[in-house]
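Structure below is query.csv: CSV, C-alpha atoms and all ligand atoms.
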```
chain,number,residue,atom,x,y,z
S,6,MET,CA,-7.2,4.4,10.0
S,7,LYS,CA,-4.7,2.6,7.8
S,8,ARG,CA,-4.6,-1.0,8.8
S,9,ALA,CA,-2.6,-3.9,7.4
S,10,ILE,CA,-2.5,-7.6,8.3
S,11,PHE,CA,0.9,-9.4,8.4
S,12,PRO,CA,0.0,-13.0,7.7
S,13,GLY,CA,2.3,-16.0,8.1
S,14,SER,CA,2.9,-19.2,10.0
S,15,PHE,CA,5.5,-17.7,12.3
S,16,ASP,CA,6.8,-21.1,13.5
S,17,PRO,CA,8.6,-19.3,15.1
S,18,PHE,CA,8.4,-15.5,14.6
S,19,THR,CA,12.0,-14.4,13.8
S,20,ILE,CA,14.0,-11.1,13.9
S,21,GLY,CA,13.4,-10.9,10.1
S,22,HIS,CA,9.6,-10.9,10.7
S,23,TYR,CA,10.1,-8.4,13.5
S,24,SER,CA,12.1,-6.0,11.3
S,25,VAL,CA,9.3,-6.1,8.6
S,26,VAL,CA,6.6,-5.2,11.2
S,27,LYS,CA,8.7,-2.5,12.9
S,28,ARG,CA,9.3,-0.8,9.5
S,29,GLY,CA,5.7,-1.4,8.5
S,30,LEU,CA,4.6,0.8,11.5
S,31,ALA,CA,6.0,3.8,9.6
S,32,LEU,CA,3.5,3.0,6.8
S,33,PHE,CA,0.4,1.9,8.8
S,34,ASP,CA,-1.5,3.0,11.9
S,35,GLU,CA,-2.1,-0.5,13.0
S,36,ILE,CA,-0.7,-3.9,12.0
S,37,VAL,CA,-2.5,-7.1,12.8
S,38,ILE,CA,-0.1,-10.1,12.9
S,39,GLY,CA,-2.2,-13.0,11.6
S,40,ILE,CA,-1.1,-16.5,12.5
S,41,GLY,CA,-2.5,-18.7,9.8
S,42,VAL,CA,-3.7,-22.0,11.5
S,43,ASN,CA,-3.6,-24.9,9.2
S,44,GLN,CA,-4.6,-28.2,10.9
S,45,ALA,CA,-2.9,-30.2,8.2
S,46,LYS,CA,0.5,-28.5,8.8
S,47,LYS,CA,2.8,-29.9,11.5
S,48,ASN,CA,4.2,-27.0,13.5
S,49,LEU,CA,7.2,-27.2,15.9
S,50,PHE,CA,5.8,-24.4,18.1
S,51,PRO,CA,2.2,-24.8,19.3
S,52,LEU,CA,-0.1,-21.8,18.6
S,53,GLU,CA,0.0,-20.5,22.2
S,54,LYS,CA,3.8,-20.4,22.1
S,55,ARG,CA,3.8,-18.7,18.7
S,56,ILE,CA,1.5,-16.0,20.1
S,57,ASP,CA,3.5,-15.7,23.3
S,58,ILE,CA,6.8,-15.0,21.3
S,59,ILE,CA,5.1,-12.3,19.3
S,60,ARG,CA,3.5,-10.8,22.4
S,61,GLN,CA,6.8,-10.5,24.1
S,62,ALA,CA,8.4,-8.9,21.0
S,63,PHE,CA,5.7,-6.1,20.8
S,64,LYS,CA,4.8,-5.7,24.5
S,65,ASP,CA,5.5,-2.0,24.3
S,66,GLU,CA,3.8,-1.4,20.9
S,67,PRO,CA,0.0,-0.9,21.2
S,68,ARG,CA,-0.3,-0.5,17.4
S,69,VAL,CA,0.5,-4.2,16.9
S,70,LYS,CA,-2.3,-6.8,17.4
S,71,ILE,CA,-2.0,-10.5,17.3
S,72,LYS,CA,-4.7,-12.9,16.0
S,73,ALA,CA,-4.9,-16.5,14.8
S,74,TYR,CA,-7.1,-17.2,11.8
S,75,THR,CA,-8.2,-20.3,9.9
S,76,SER,CA,-9.9,-18.5,6.9
S,77,LEU,CA,-8.6,-17.5,3.6
S,78,THR,CA,-6.1,-14.6,4.1
S,79,ILE,CA,-8.3,-12.1,2.1
S,80,ASP,CA,-11.3,-13.0,4.3
S,81,PHE,CA,-9.2,-12.4,7.4
S,82,ALA,CA,-8.2,-9.0,5.9
S,83,ARG,CA,-11.8,-8.2,5.4
S,84,GLU,CA,-12.7,-9.3,9.0
S,85,GLU,CA,-10.0,-7.0,10.3
S,86,ASP,CA,-11.1,-4.2,8.1
S,87,ALA,CA,-7.6,-4.0,6.6
S,88,ALA,CA,-7.1,-2.7,3.1
S,89,PHE,CA,-3.5,-4.0,3.0
S,90,ILE,CA,-1.5,-7.1,3.4
S,91,LEU,CA,2.1,-6.6,4.5
S,92,ARG,CA,4.8,-9.2,3.4
S,93,GLY,CA,8.5,-9.4,3.5
S,94,LEU,CA,10.8,-10.4,0.6
S,95,ARG,CA,14.2,-12.0,1.1
S,96,SER,CA,15.2,-13.2,-2.3
S,97,VAL,CA,14.3,-13.8,-5.9
S,98,SER,CA,13.0,-17.2,-4.8
S,99,ASP,CA,10.4,-15.5,-2.6
S,100,PHE,CA,9.5,-13.2,-5.5
S,101,GLU,CA,7.6,-15.6,-7.8
S,102,TYR,CA,5.4,-16.8,-4.9
S,103,GLU,CA,4.7,-13.4,-3.4
S,104,HIS,CA,3.9,-12.0,-6.9
S,105,THR,CA,1.4,-14.7,-7.7
S,106,VAL,CA,-0.4,-14.6,-4.4
S,107,ALA,CA,-0.5,-10.8,-4.3
S,108,ASP,CA,-2.0,-10.7,-7.8
S,109,ALA,CA,-4.7,-13.2,-6.9
S,110,ASN,CA,-5.5,-11.4,-3.7
S,111,GLN,CA,-5.8,-8.1,-5.5
S,112,LYS,CA,-8.0,-9.5,-8.2
S,113,LEU,CA,-10.3,-11.4,-5.8
S,114,SER,CA,-10.7,-8.8,-3.1
S,115,GLY,CA,-9.1,-5.5,-4.0
S,116,VAL,CA,-6.7,-5.9,-1.0
S,117,GLU,CA,-3.3,-4.5,-1.9
S,118,THR,CA,-0.1,-6.2,-0.9
S,119,ILE,CA,2.7,-4.0,0.3
S,120,ILE,CA,6.1,-5.7,0.2
S,121,LEU,CA,9.2,-4.6,2.2
S,122,PHE,CA,12.6,-6.0,1.3
S,123,THR,CA,14.4,-7.7,4.1
S,124,GLU,CA,17.2,-5.8,5.8
S,125,ALA,CA,20.4,-7.4,4.3
S,126,GLN,CA,21.6,-8.8,7.6
S,127,TYR,CA,18.4,-10.8,8.0
S,128,SER,CA,18.0,-12.1,4.5
S,129,PHE,CA,19.2,-15.6,5.3
S,130,ILE,CA,17.0,-16.0,8.4
S,131,SER,CA,13.9,-18.1,8.1
S,132,SER,CA,11.7,-20.0,10.5
S,133,THR,CA,13.0,-23.2,8.8
S,134,VAL,CA,16.6,-22.3,9.6
S,135,VAL,CA,15.6,-21.6,13.2
S,136,ARG,CA,13.8,-24.9,13.5
S,137,ASP,CA,16.8,-26.8,12.1
S,138,LEU,CA,19.1,-25.1,14.6
S,139,ILE,CA,16.8,-26.1,17.4
S,140,ALA,CA,16.8,-29.7,16.2
S,141,TYR,CA,20.6,-29.7,16.7
S,142,GLY,CA,20.5,-28.0,20.1
S,143,LYS,CA,22.0,-24.7,18.9
S,144,ASP,CA,21.4,-21.3,20.6
S,145,ILE,CA,18.8,-19.4,18.5
S,146,SER,CA,18.5,-16.2,20.6
S,147,ALA,CA,20.2,-14.1,17.9
S,148,PHE,CA,17.5,-15.1,15.4
S,149,LEU,CA,14.6,-14.1,17.6
S,150,PRO,CA,13.3,-10.5,18.1
S,151,PRO,CA,15.1,-8.6,20.9
S,152,ASP,CA,14.1,-9.5,24.5
S,153,VAL,CA,12.2,-12.6,23.6
S,154,LYS,CA,12.6,-15.7,25.7
S,155,ILE,CA,11.4,-19.1,24.6
S,201,LIG,P1,4.5,-18.2,5.1
S,201,LIG,O1,4.4,-19.5,5.7
S,201,LIG,O2,3.3,-17.5,4.7
S,201,LIG,O3,5.7,-18.0,4.1
S,201,LIG,P2,6.3,-17.1,7.1
S,201,LIG,O4,6.0,-17.2,8.6
S,201,LIG,O5,7.4,-18.0,6.6
S,201,LIG,O6,4.9,-17.3,6.4
S,201,LIG,O7,6.6,-15.6,6.7
S,201,LIG,C1,5.7,-14.5,6.7
S,201,LIG,C2,6.3,-13.4,5.9
S,201,LIG,O8,7.5,-12.9,6.4
S,201,LIG,C3,6.5,-13.7,4.4
S,201,LIG,O9,6.2,-12.6,3.6
S,201,LIG,C4,8.0,-13.9,4.4
S,201,LIG,O10,8.6,-13.7,3.1
S,201,LIG,C5,8.5,-12.9,5.4
S,201,LIG,N1,9.8,-13.2,5.9
S,201,LIG,C6,10.2,-14.3,6.5
S,201,LIG,N2,11.5,-14.3,6.9
S,201,LIG,C7,11.9,-13.0,6.6
S,201,LIG,C8,13.1,-12.3,6.8
S,201,LIG,N3,14.2,-12.9,7.3
S,201,LIG,N4,13.2,-11.0,6.3
S,201,LIG,C9,12.1,-10.4,5.8
S,201,LIG,N5,10.9,-11.0,5.6
S,201,LIG,C10,10.8,-12.3,6.0
```
In structure tokens, what does this structure look like?
Amino acid sequence: MKRAIFPGSFDPFTIGHYSVVKRGLALFDEIVIGIGVNQAKKNLFPLEKRIDIIRQAFKDEPRVKIKAYTSLTIDFAREEDAAFILRGLRSVSDFEYEHTVADANQKLSGVETIILFTEAQYSFISSTVVRDLIAYGKDISAFLPPDVKI
């Protein structure tokens, strides 16, 4: 069974994240979406709401699981028996960070990071942009996965 984790904060999970997971399903038998819980980080969406959004997005996809984790990402991968970490890449600015983390994770644990480039139409979408729009009372439904209500 080829299993990957897709780790992130997902505050909230966007259509950009959704696209990466959907496309990742062509590569992996199962994808565990791991919501990294960091007590020090202030989130807009509480953990339960972040889980609820992802659950709605993948309600018809049994190959996608959702879990919250507090450990190091490579330890979470080990706990889930996943040999791969799936990540998305939007721009050159994402590259430096993803490269460094992927390298460290590979050296420390042997877990390989598989990166999918964003679909061009989603390259400007981030959880930060969505949170900013919410702060100004804008409709964000176009930035969320299809059929998700918040
Ligand atoms: P983190 O806090 O670890 O960066 P995020 O929740 O912001 O977590 O994102 C998780 C993953 O999804 C990262 O690999 C990020 O680059 C990727 N990602 C975020 N937005 C998009 C997007 N619009 N298109 C493709 N990948 C994306």
Please work out which residues fall within 12 Å of (3.7, -21.5, 15.5), coordinates as given in the file, with all atoms listed in the file counting, and return them as a ChimeraX atom specification. /S:13-19,39-44,46-59,73,132-133,136
Give me, as a ChimeraX atom specification, the set of residues whose atoms come within 8 Å of any atom of ligand LIG 201 (chain S), counting all atoms listed in the file. /S:11-22,24-25,41,91-95,99,103,120-124,127-133
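Taking all atoms listed in the file into account, Phe81 in chain S lies nearest to S:Ile10 out of the set S:Arg28, S:Phe63, S:Ile10, S:Ile119.
Coordinates place CA of Gln61 in chain S at a distance of 24.8 Å from CA of Asp86 in chain S.
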Neighbouring residues of Ala147 in chain S were defined as those with any atom within 10 Å, considering only C-alpha atoms; residues of the same chain fewer than 3 positions away were excluded. Please report them as a list in words.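 In the requested format, the answer is Thr19, Ile20, Val135, Asp144, Pro150, Pro151 and Val153 of chain S.
Minimum atom-to-atom distances from S:Gln126, S:Ser146, S:Ser96, S:Ser114 to Ile79 in chain S were compared using all atoms listed in the file, and the lowest value belongs to S:Ser114.
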For CA of Glu66 in chain S and CA of Ala88 in chain S, the interatomic separation in Å (one decimal):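 Between CA of Glu66 in chain S and CA of Ala88 in chain S the gap works out to 20.9 Å.
In this model, the gap between CA of Pro67 in chain S and CA of Glu35 in chain S comes to 8.5 Å.
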Counting only C-alpha atoms, figure out which residue out of S:Ala109, S:Leu149, S:Lys27, S:Asp137 gets nearest to Asp65 in chain S. S:Lys27
Identify which of the residues S:Ala31, S:Ala82, S:Ile38, S:Ala45 lies closest to Arg60 in chain S, counting all atoms listed in the file when measuring atom-to-atom distances.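 Closest candidate: S:Ile38.
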At a cut-off of 10 Å, using all atoms listed in the file, what residues contact Val134 in chain S? Leave out same-chain residues fewer than 5 positions from it and give the result as a count of residues only. 5
Between S:Val37, S:Val69, S:Ala87, S:Leu30, which is the closest to Met6 in chain S once you count all atoms listed in the file?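 Answer, going by the shortest atom-to-atom distance: S:Ala87.
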Quick one: residues within 12 Å of (-1.5, -15.0, -4.3) (file frame), counting all atoms listed in the file, please, as a PDB file with C-alpha atoms, in the frame of the given file.
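Final output, saved to part-v7.pdb:
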```pdb
ATOM      1  CA  LEU S  77      -8.600 -17.500   3.600  1.00  0.00           C
ATOM      2  CA  THR S  78      -6.100 -14.600   4.100  1.00  0.00           C
ATOM      3  CA  ILE S  79      -8.300 -12.100   2.100  1.00  0.00           C
ATOM      4  CA  ILE S  90      -1.500  -7.100   3.400  1.00  0.00           C
ATOM      5  CA  ARG S  92       4.800  -9.200   3.400  1.00  0.00           C
ATOM      6  CA  PHE S 100       9.500 -13.200  -5.500  1.00  0.00           C
ATOM      7  CA  GLU S 101       7.600 -15.600  -7.800  1.00  0.00           C
ATOM      8  CA  TYR S 102       5.400 -16.800  -4.900  1.00  0.00           C
ATOM      9  CA  GLU S 103       4.700 -13.400  -3.400  1.00  0.00           C
ATOM     10  CA  HIS S 104       3.900 -12.000  -6.900  1.00  0.00           C
ATOM     11  CA  THR S 105       1.400 -14.700  -7.700  1.00  0.00           C
ATOM     12  CA  VAL S 106      -0.400 -14.600  -4.400  1.00  0.00           C
ATOM     13  CA  ALA S 107      -0.500 -10.800  -4.300  1.00  0.00           C
ATOM     14  CA  ASP S 108      -2.000 -10.700  -7.800  1.00  0.00           C
ATOM     15  CA  ALA S 109      -4.700 -13.200  -6.900  1.00  0.00           C
ATOM     16  CA  ASN S 110      -5.500 -11.400  -3.700  1.00  0.00           C
ATOM     17  CA  GLN S 111      -5.800  -8.100  -5.500  1.00  0.00           C
ATOM     18  CA  LYS S 112      -8.000  -9.500  -8.200  1.00  0.00           C
ATOM     19  CA  LEU S 113     -10.300 -11.400  -5.800  1.00  0.00           C
ATOM     20  CA  SER S 114     -10.700  -8.800  -3.100  1.00  0.00           C
ATOM     21  CA  VAL S 116      -6.700  -5.900  -1.000  1.00  0.00           C
ATOM     22  CA  GLU S 117      -3.300  -4.500  -1.900  1.00  0.00           C
ATOM     23  CA  THR S 118      -0.100  -6.200  -0.900  1.00  0.00           C
TER      24      THR S 118
END
```
